[in-house]
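Dumped coords11.cif below, it's mmCIF, C-alpha atoms:
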data_data
loop_
_atom_site.group_PDB
_atom_site.id
_atom_site.type_symbol
_atom_site.label_atom_id
_atom_site.label_comp_id
_atom_site.auth_asym_id
_atom_site.auth_seq_id
_atom_site.Cartn_x
_atom_site.Cartn_y
_atom_site.Cartn_z
ATOM 1 C CA MET A 24 11.361 -31.092 48.002
ATOM 2 C CA LYS A 25 9.946 -31.929 44.586
ATOM 3 C CA PHE A 26 8.173 -29.741 42.026
ATOM 4 C CA SER A 27 5.462 -30.821 39.604
ATOM 5 C CA ASP A 28 2.960 -29.261 37.240
ATOM 6 C CA LEU A 29 -0.757 -29.713 37.991
ATOM 7 C CA THR A 30 -1.728 -32.054 35.182
ATOM 8 C CA THR A 31 -1.681 -35.140 37.415
ATOM 9 C CA TYR A 32 -3.736 -33.584 40.241
ATOM 10 C CA GLN A 33 -7.484 -33.253 40.753
ATOM 11 C CA PRO A 34 -9.117 -30.028 42.027
ATOM 12 C CA GLN A 35 -9.960 -31.702 45.346
ATOM 13 C CA GLU A 36 -6.230 -32.333 45.867
ATOM 14 C CA LEU A 37 -5.274 -28.754 45.012
ATOM 15 C CA TYR A 38 -7.862 -26.530 46.630
ATOM 16 C CA GLN A 39 -6.826 -27.491 50.165
ATOM 17 C CA VAL A 40 -3.197 -26.396 49.750
ATOM 18 C CA PHE A 41 -4.504 -23.172 48.206
ATOM 19 C CA ASN A 42 -6.850 -22.607 51.160
ATOM 20 C CA ASP A 43 -4.156 -23.449 53.714
ATOM 21 C CA SER A 44 -1.769 -21.010 52.049
ATOM 22 C CA PHE A 45 -4.237 -18.115 52.164
ATOM 23 C CA ALA A 46 -6.083 -18.841 55.432
ATOM 24 C CA ASP A 47 -4.042 -16.217 57.329
ATOM 25 C CA TYR A 48 -3.817 -13.804 54.400
ATOM 26 C CA ALA A 49 -4.841 -10.174 54.872
ATOM 27 C CA VAL A 50 -7.908 -11.071 52.802
ATOM 28 C CA PRO A 51 -8.576 -14.756 53.701
ATOM 29 C CA VAL A 52 -9.413 -17.033 50.777
ATOM 30 C CA THR A 53 -11.493 -20.198 51.046
ATOM 31 C CA PHE A 54 -12.602 -22.370 48.130
ATOM 32 C CA THR A 55 -14.591 -25.546 47.854
ATOM 33 C CA ALA A 56 -13.353 -28.056 45.285
ATOM 34 C CA GLN A 57 -16.143 -26.928 42.950
ATOM 35 C CA GLN A 58 -15.286 -23.233 43.380
ATOM 36 C CA PHE A 59 -11.619 -23.967 42.763
ATOM 37 C CA GLN A 60 -12.491 -25.797 39.541
ATOM 38 C CA ARG A 61 -14.557 -22.788 38.510
ATOM 39 C CA LYS A 62 -11.586 -20.490 39.153
ATOM 40 C CA ILE A 63 -9.487 -22.676 36.857
ATOM 41 C CA GLU A 64 -12.073 -22.408 34.080
ATOM 42 C CA VAL A 65 -13.032 -18.727 34.427
ATOM 43 C CA GLU A 66 -9.479 -17.413 34.685
ATOM 44 C CA ASP A 67 -8.083 -19.659 31.910
ATOM 45 C CA ILE A 68 -5.614 -21.354 34.244
ATOM 46 C CA LYS A 69 -3.219 -23.637 32.388
ATOM 47 C CA LEU A 70 -2.340 -26.699 34.453
ATOM 48 C CA GLU A 71 0.815 -27.411 32.435
ATOM 49 C CA SER A 72 2.204 -23.984 33.331
ATOM 50 C CA SER A 73 1.268 -24.119 37.007
ATOM 51 C CA ILE A 74 3.249 -25.802 39.786
ATOM 52 C CA VAL A 75 3.064 -27.405 43.214
ATOM 53 C CA ALA A 76 5.830 -28.027 45.725
ATOM 54 C CA VAL A 77 5.708 -31.451 47.387
ATOM 55 C CA ASP A 78 7.544 -32.192 50.649
ATOM 56 C CA ASN A 79 7.518 -35.840 51.746
ATOM 57 C CA GLY A 80 4.260 -36.425 49.889
ATOM 58 C CA GLN A 81 2.532 -33.286 51.227
ATOM 59 C CA LEU A 82 1.560 -30.366 48.985
ATOM 60 C CA VAL A 83 3.140 -27.327 50.642
ATOM 61 C CA GLY A 84 3.111 -24.659 47.914
ATOM 62 C CA ILE A 85 1.325 -23.762 44.689
ATOM 63 C CA ILE A 86 1.532 -21.300 41.788
ATOM 64 C CA LEU A 87 -1.383 -20.979 39.368
ATOM 65 C CA HIS A 88 -0.720 -19.542 35.918
ATOM 66 C CA ALA A 89 -3.360 -18.571 33.366
ATOM 67 C CA LEU A 90 -2.721 -17.915 29.680
ATOM 68 C CA ARG A 91 -4.534 -15.591 27.265
ATOM 69 C CA GLU A 92 -3.812 -13.780 24.036
ATOM 70 C CA ILE A 93 -4.369 -10.046 24.488
ATOM 71 C CA SER A 94 -4.066 -7.705 21.501
ATOM 72 C CA GLY A 95 -1.995 -10.317 19.672
ATOM 73 C CA GLU A 96 0.326 -10.885 22.624
ATOM 74 C CA LYS A 97 0.444 -14.051 24.733
ATOM 75 C CA VAL A 98 0.265 -13.135 28.418
ATOM 76 C CA LEU A 99 0.578 -15.336 31.502
ATOM 77 C CA TYR A 100 -1.263 -14.318 34.660
ATOM 78 C CA ASN A 101 -0.358 -15.427 38.163
ATOM 79 C CA ALA A 102 -3.753 -16.400 39.579
ATOM 80 C CA GLY A 103 -2.267 -17.221 42.975
ATOM 81 C CA THR A 104 1.024 -18.036 44.687
ATOM 82 C CA GLY A 105 0.760 -19.643 48.103
ATOM 83 C CA VAL A 106 2.904 -21.469 50.647
ATOM 84 C CA ILE A 107 1.440 -23.154 53.734
ATOM 85 C CA PRO A 108 2.517 -21.541 57.040
ATOM 86 C CA GLY A 109 4.832 -24.386 58.116
ATOM 87 C CA SER A 110 6.925 -24.139 54.929
ATOM 88 C CA ARG A 111 7.489 -20.384 54.849
ATOM 89 C CA GLY A 112 10.682 -18.498 55.514
ATOM 90 C CA VAL A 113 12.933 -20.681 53.340
ATOM 91 C CA GLY A 114 12.401 -18.968 49.978
ATOM 92 C CA LEU A 115 10.031 -21.629 48.632
ATOM 93 C CA ALA A 116 7.969 -19.227 46.503
ATOM 94 C CA GLN A 117 11.130 -18.012 44.783
ATOM 95 C CA ARG A 118 12.336 -21.581 44.248
ATOM 96 C CA MET A 119 8.986 -22.547 42.701
ATOM 97 C CA TYR A 120 9.163 -19.603 40.322
ATOM 98 C CA GLN A 121 12.736 -20.332 39.345
ATOM 99 C CA HIS A 122 11.663 -23.884 38.522
ATOM 100 C CA ILE A 123 8.561 -22.916 36.558
ATOM 101 C CA LEU A 124 10.117 -20.109 34.494
ATOM 102 C CA SER A 125 11.934 -22.536 32.222
ATOM 103 C CA ILE A 126 8.612 -24.294 31.587
ATOM 104 C CA VAL A 127 6.427 -21.243 30.922
ATOM 105 C CA ARG A 128 8.893 -19.889 28.396
ATOM 106 C CA ASP A 129 7.739 -22.770 26.196
ATOM 107 C CA ASP A 130 4.316 -21.058 26.067
ATOM 108 C CA ASN A 131 5.932 -18.310 23.969
ATOM 109 C CA ALA A 132 4.331 -15.738 26.256
ATOM 110 C CA GLN A 133 5.815 -12.251 26.224
ATOM 111 C CA ARG A 134 5.210 -11.476 29.906
ATOM 112 C CA ILE A 135 3.813 -12.644 33.237
ATOM 113 C CA VAL A 136 1.386 -10.391 35.124
ATOM 114 C CA LEU A 137 0.423 -10.671 38.781
ATOM 115 C CA GLU A 138 -1.216 -8.737 41.614
ATOM 116 C CA VAL A 139 0.120 -8.460 45.153
ATOM 117 C CA LEU A 140 -1.200 -6.594 48.185
ATOM 118 C CA THR A 141 0.747 -3.398 48.805
ATOM 119 C CA SER A 142 1.081 -4.488 52.442
ATOM 120 C CA ASN A 143 2.662 -7.855 51.548
ATOM 121 C CA VAL A 144 6.273 -6.719 51.735
ATOM 122 C CA PRO A 145 7.862 -10.226 51.699
ATOM 123 C CA ALA A 146 5.979 -11.182 48.522
ATOM 124 C CA ILE A 147 6.869 -7.901 46.817
ATOM 125 C CA LYS A 148 10.524 -8.505 47.665
ATOM 126 C CA THR A 149 10.348 -12.045 46.258
ATOM 127 C CA TYR A 150 8.794 -10.879 42.986
ATOM 128 C CA THR A 151 11.237 -7.988 42.678
ATOM 129 C CA ASN A 152 14.165 -10.394 43.145
ATOM 130 C CA LEU A 153 12.743 -12.505 40.325
ATOM 131 C CA GLY A 154 12.691 -9.492 38.016
ATOM 132 C CA PHE A 155 9.063 -8.359 38.297
ATOM 133 C CA ALA A 156 8.444 -4.604 38.166
ATOM 134 C CA GLU A 157 5.435 -2.576 39.303
ATOM 135 C CA THR A 158 3.228 -1.414 36.430
ATOM 136 C CA ARG A 159 -0.017 -0.238 38.076
ATOM 137 C CA LYS A 160 -1.627 0.275 41.459
ATOM 138 C CA PHE A 161 -5.146 -0.938 42.174
ATOM 139 C CA HIS A 162 -7.732 0.018 44.808
ATOM 140 C CA CYS A 163 -10.282 -2.414 46.265
ATOM 141 C CA TYR A 164 -13.617 -1.389 47.775
ATOM 142 C CA GLN A 165 -16.515 -2.794 49.735
ATOM 143 C CA GLY A 166 -19.441 -1.471 51.722
ATOM 144 C CA ASP A 167 -23.135 -0.716 51.669
ATOM 145 C CA ILE A 168 -24.560 1.348 48.831
ATOM 146 C CA GLU A 169 -26.165 4.418 50.348
ATOM 147 C CA HIS A 170 -29.717 5.169 49.313
ATOM 148 C CA ARG A 171 -30.033 8.366 47.309
ATOM 149 C CA SER A 172 -32.636 9.655 44.924
ATOM 150 C CA THR A 173 -31.695 8.978 41.311
ATOM 151 C CA LYS A 174 -32.501 10.615 38.020
ATOM 152 C CA ALA A 175 -36.029 9.743 36.985
ATOM 153 C CA ASP A 176 -35.084 9.646 33.317
ATOM 154 C CA VAL A 177 -32.545 6.795 33.748
ATOM 155 C CA THR A 178 -33.911 3.283 33.229
ATOM 156 C CA ILE A 179 -31.951 0.116 34.029
ATOM 157 C CA ALA A 180 -32.490 -3.055 31.975
ATOM 158 C CA PRO A 181 -30.558 -6.185 30.912
ATOM 159 C CA ILE A 182 -28.438 -5.810 27.790
ATOM 160 C CA SER A 183 -26.947 -8.241 25.305
ATOM 161 C CA LEU A 184 -23.371 -9.402 25.395
ATOM 162 C CA ALA A 185 -22.664 -7.556 22.136
ATOM 163 C CA GLU A 186 -23.938 -4.278 23.624
ATOM 164 C CA PHE A 187 -21.866 -4.800 26.748
ATOM 165 C CA GLU A 188 -18.680 -5.503 24.798
ATOM 166 C CA ARG A 189 -19.201 -2.378 22.688
ATOM 167 C CA TYR A 190 -19.638 -0.162 25.744
ATOM 168 C CA ALA A 191 -16.960 -1.843 27.838
ATOM 169 C CA SER A 192 -14.381 -0.677 25.302
ATOM 170 C CA MET A 193 -15.176 2.937 26.291
ATOM 171 C CA GLY A 194 -13.750 2.509 29.780
ATOM 172 C CA GLU A 195 -10.965 4.836 30.897
ATOM 173 C CA VAL A 196 -8.557 2.050 31.872
ATOM 174 C CA VAL A 197 -7.870 -1.581 31.037
ATOM 175 C CA PRO A 198 -9.575 -3.927 33.565
ATOM 176 C CA SER A 199 -7.487 -6.365 35.587
ATOM 177 C CA TRP A 200 -7.466 -10.049 34.613
ATOM 178 C CA GLN A 201 -10.315 -11.080 36.930
ATOM 179 C CA ASN A 202 -12.503 -8.181 35.763
ATOM 180 C CA ALA A 203 -11.648 -8.459 32.079
ATOM 181 C CA THR A 204 -14.345 -9.131 29.510
ATOM 182 C CA ALA A 205 -12.678 -12.494 28.774
ATOM 183 C CA SER A 206 -13.332 -13.559 32.383
ATOM 184 C CA ILE A 207 -16.888 -12.227 32.247
ATOM 185 C CA LEU A 208 -17.567 -14.293 29.109
ATOM 186 C CA ARG A 209 -16.716 -17.434 31.075
ATOM 187 C CA SER A 210 -19.005 -16.470 33.969
ATOM 188 C CA LEU A 211 -22.259 -15.572 32.256
ATOM 189 C CA ASP A 212 -24.178 -18.093 34.358
ATOM 190 C CA VAL A 213 -23.642 -15.872 37.422
ATOM 191 C CA VAL A 214 -22.945 -12.489 35.800
ATOM 192 C CA GLU A 215 -25.706 -9.977 35.098
ATOM 193 C CA LEU A 216 -25.127 -7.449 32.300
ATOM 194 C CA LEU A 217 -27.078 -4.240 32.827
ATOM 195 C CA GLY A 218 -27.559 -1.164 30.688
ATOM 196 C CA ALA A 219 -28.571 2.339 31.765
ATOM 197 C CA TYR A 220 -30.856 4.157 29.326
ATOM 198 C CA LYS A 221 -31.579 7.855 29.135
ATOM 199 C CA GLY A 222 -34.741 7.743 27.110
ATOM 200 C CA GLU A 223 -33.930 5.361 24.269
ATOM 201 C CA VAL A 224 -30.176 5.948 24.432
ATOM 202 C CA LEU A 225 -27.896 3.382 26.048
ATOM 203 C CA SER A 226 -25.711 5.615 28.194
ATOM 204 C CA GLY A 227 -23.780 3.140 30.335
ATOM 205 C CA CYS A 228 -23.420 -0.473 31.387
ATOM 206 C CA CYS A 229 -22.089 -2.660 34.149
ATOM 207 C CA ALA A 230 -21.327 -6.317 34.869
ATOM 208 C CA LEU A 231 -22.212 -7.786 38.269
ATOM 209 C CA ASP A 232 -21.149 -11.155 39.658
ATOM 210 C CA THR A 233 -24.412 -11.992 41.418
ATOM 211 C CA SER A 234 -22.909 -14.976 43.283
ATOM 212 C CA ARG A 235 -20.943 -12.588 45.535
ATOM 213 C CA ASN A 236 -22.398 -9.176 44.654
ATOM 214 C CA ARG A 237 -19.119 -8.040 43.151
ATOM 215 C CA LEU A 238 -19.058 -5.314 40.519
ATOM 216 C CA LEU A 239 -16.718 -6.362 37.708
ATOM 217 C CA GLN A 240 -17.007 -3.393 35.362
ATOM 218 C CA ILE A 241 -18.961 -0.147 35.215
ATOM 219 C CA VAL A 242 -18.727 2.210 32.246
ATOM 220 C CA VAL A 243 -20.601 5.387 31.319
ATOM 221 C CA HIS A 244 -20.462 6.971 27.869
ATOM 222 C CA PRO A 245 -18.344 10.165 27.977
ATOM 223 C CA ASP A 246 -21.334 12.244 26.813
ATOM 224 C CA HIS A 247 -23.492 11.080 29.743
ATOM 225 C CA ARG A 248 -21.164 11.278 32.713
ATOM 226 C CA ARG A 249 -22.128 13.193 35.874
ATOM 227 C CA CYS A 250 -25.794 12.784 34.955
ATOM 228 C CA GLY A 251 -26.752 10.127 37.509
ATOM 229 C CA VAL A 252 -26.239 7.178 35.148
ATOM 230 C CA ALA A 253 -23.705 5.284 37.293
ATOM 231 C CA SER A 254 -25.659 6.030 40.475
ATOM 232 C CA ALA A 255 -28.805 4.613 38.930
ATOM 233 C CA MET A 256 -26.999 1.361 38.114
ATOM 234 C CA LEU A 257 -25.687 0.949 41.675
ATOM 235 C CA HIS A 258 -29.043 1.707 43.229
ATOM 236 C CA HIS A 259 -30.715 -0.804 40.911
ATOM 237 C CA ILE A 260 -28.193 -3.403 42.113
ATOM 238 C CA ALA A 261 -28.886 -2.491 45.748
ATOM 239 C CA SER A 262 -32.644 -2.841 45.302
ATOM 240 C CA LYS A 263 -32.382 -6.192 43.517
ATOM 241 C CA HIS A 264 -29.369 -7.889 45.125
ATOM 242 C CA GLY A 265 -28.803 -6.057 48.416
ATOM 243 C CA LYS A 266 -26.773 -3.065 49.499
ATOM 244 C CA LYS A 267 -23.504 -4.889 50.208
ATOM 245 C CA LEU A 268 -21.179 -4.547 47.236
ATOM 246 C CA SER A 269 -17.503 -5.052 46.484
ATOM 247 C CA ILE A 270 -15.232 -4.211 43.590
ATOM 248 C CA ILE A 271 -11.570 -5.133 43.340
ATOM 249 C CA ASN A 272 -8.608 -3.930 41.289
ATOM 250 C CA VAL A 273 -9.782 -0.486 40.235
ATOM 251 C CA ASP A 274 -6.897 1.266 38.499
ATOM 252 C CA SER A 275 -5.708 4.091 40.767
ATOM 253 C CA ARG A 276 -5.582 6.397 37.745
ATOM 254 C CA ALA A 277 -9.392 6.208 37.435
ATOM 255 C CA GLU A 278 -9.819 9.091 39.871
ATOM 256 C CA ASP A 279 -13.402 9.890 38.879
ATOM 257 C CA LEU A 280 -14.457 6.303 39.555
ATOM 258 C CA HIS A 281 -12.574 6.348 42.870
ATOM 259 C CA HIS A 282 -14.460 9.427 44.086
ATOM 260 C CA PHE A 283 -17.749 8.089 42.754
ATOM 261 C CA LEU A 284 -17.466 4.802 44.668
ATOM 262 C CA LEU A 285 -16.648 6.638 47.888
ATOM 263 C CA SER A 286 -19.616 8.951 47.345
ATOM 264 C CA GLN A 287 -21.896 5.920 47.038
ATOM 265 C CA GLY A 288 -20.960 4.556 50.470
ATOM 266 C CA LEU A 289 -18.152 2.127 49.597
ATOM 267 C CA GLN A 290 -14.853 2.192 51.464
ATOM 268 C CA GLN A 291 -11.364 1.568 50.149
ATOM 269 C CA ILE A 292 -10.122 -1.527 51.990
ATOM 270 C CA GLN A 293 -6.944 -2.685 50.264
ATOM 271 C CA GLY A 294 -4.392 -1.694 47.683
ATOM 272 C CA GLN A 295 -2.645 -3.956 45.211
ATOM 273 C CA TYR A 296 0.287 -3.563 42.876
ATOM 274 C CA GLU A 297 0.146 -5.046 39.414
ATOM 275 C CA MET A 298 3.612 -6.311 38.555
ATOM 276 C CA GLU A 299 4.971 -7.910 35.418
ATOM 277 C CA LEU A 300 7.987 -9.858 34.257
ATOM 278 C CA MET A 301 9.091 -9.666 30.643
ATOM 279 C CA LEU A 302 10.063 -13.085 29.274
#
Write-out of the structure in structure tokens:
Amino acid sequence: MKFSDLTTYQPQELYQVFNDSFADYAVPVTFTAQQFQRKIEVEDIKLESSIVAVDNGQLVGIILHALREISGEKVLYNAGTGVIPGSRGVGLAQRMYQHILSIVRDDNAQRIVLEVLTSNVPAIKTYTNLGFAETRKFHCYQGDIEHRSTKADVTIAPISLAEFERYASMGEVVPSWQNATASILRSLDVVELLGAYKGEVLSGCCALDTSRNRLLQIVVHPDHRRCGVASAMLHHIASKHGKKLSIINVDSRAEDLHHFLLSQGLQQIQGQYEMELML
């Protein structure tokens, strides 16, 4: 078994081991080479700090690490750890991490953050053994937006990036890595930024990944909550892009948002733990 960073590999060599590793996952993952390259770009994945395991010339495991500076702190994000079915049960994920930790410390990052399904007990055990600790719990949702009458005085229209960034800062909780404004900035070719206006006042905003009808962020100004603003945004999305909608990694502490999404017809489908390792 050999370990290597990803700098000498092309996306078409890497996406297949990633797909094979997650094909039987609770939420199956399938990428094309182009989609995998997009993931690398959008999530700020750093090839030098990522790793593959190679067994007799075959790629059998992979860890993707992204790097960003957040509030003056360098943070690594695990954008995926996978081992193909035939190479599981021998502690390969833990061995890959033990190998890569000495490398990522050269990034001068203060911590590594990751997400893991609450039902994935073996992975949680592996990360715990490596020193990761749970920091947050996330809920994931999908379903069909139910049609309801909305407030007539709420108008939905595109907004500028500057307006979105200003309103996004009013959210109750910090978005996960994939939903963060930094990720949205790298996806503007497929992301629609919408504002909800009560009269002339911008009262809320949301970001929608139109390529998969996934809601990335939704925020309503504290002075305009429970006035139909969020509902109007969802129903606009349903009328323009279809009723099927998903949203992942909603902080479990955002109880109002949790109840709102359920009231709009979405169902909670998975839970994830956010875990982190201090370096």
- Item | Of the listed residues A:Val136, A:Leu302, A:Leu285, A:Leu217, that which approaches Ile182 of chain A most closely, counting only C-alpha atoms |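 Closest residue, counting only C-alpha atoms: A:Leu217.
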- Tell me which residues the PyMOL selection byres ((chain A and resi 240-252) around 6) grabs here, as a VMD selection string. chain A and resid 174 194 226 to 230 238 to 239 253 to 255
- Item | Interatomic distance (Å, one decimal) between atom CA of Gly218 of chain A and atom CA of Ala102 of chain A |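 Pair atom CA of Gly218 of chain A / atom CA of Ala102 of chain A returns 29.6 Å.
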- Message: Translate the PyMOL selection byres ((chain A and resi 110-122) around 12) into a concrete residue list for this structure, as number ranges by chain.
- Response: A: 24-28, 40, 43-44, 72-78, 81-88, 101, 103-109, 123-128, 135, 145-155, 300
- Atom pair atom CA of Thr178 of chain A / atom CA of Ala261 of chain A: separation (Å):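 Separating atom CA of Thr178 of chain A from atom CA of Ala261 of chain A is a distance of 14.7 Å.
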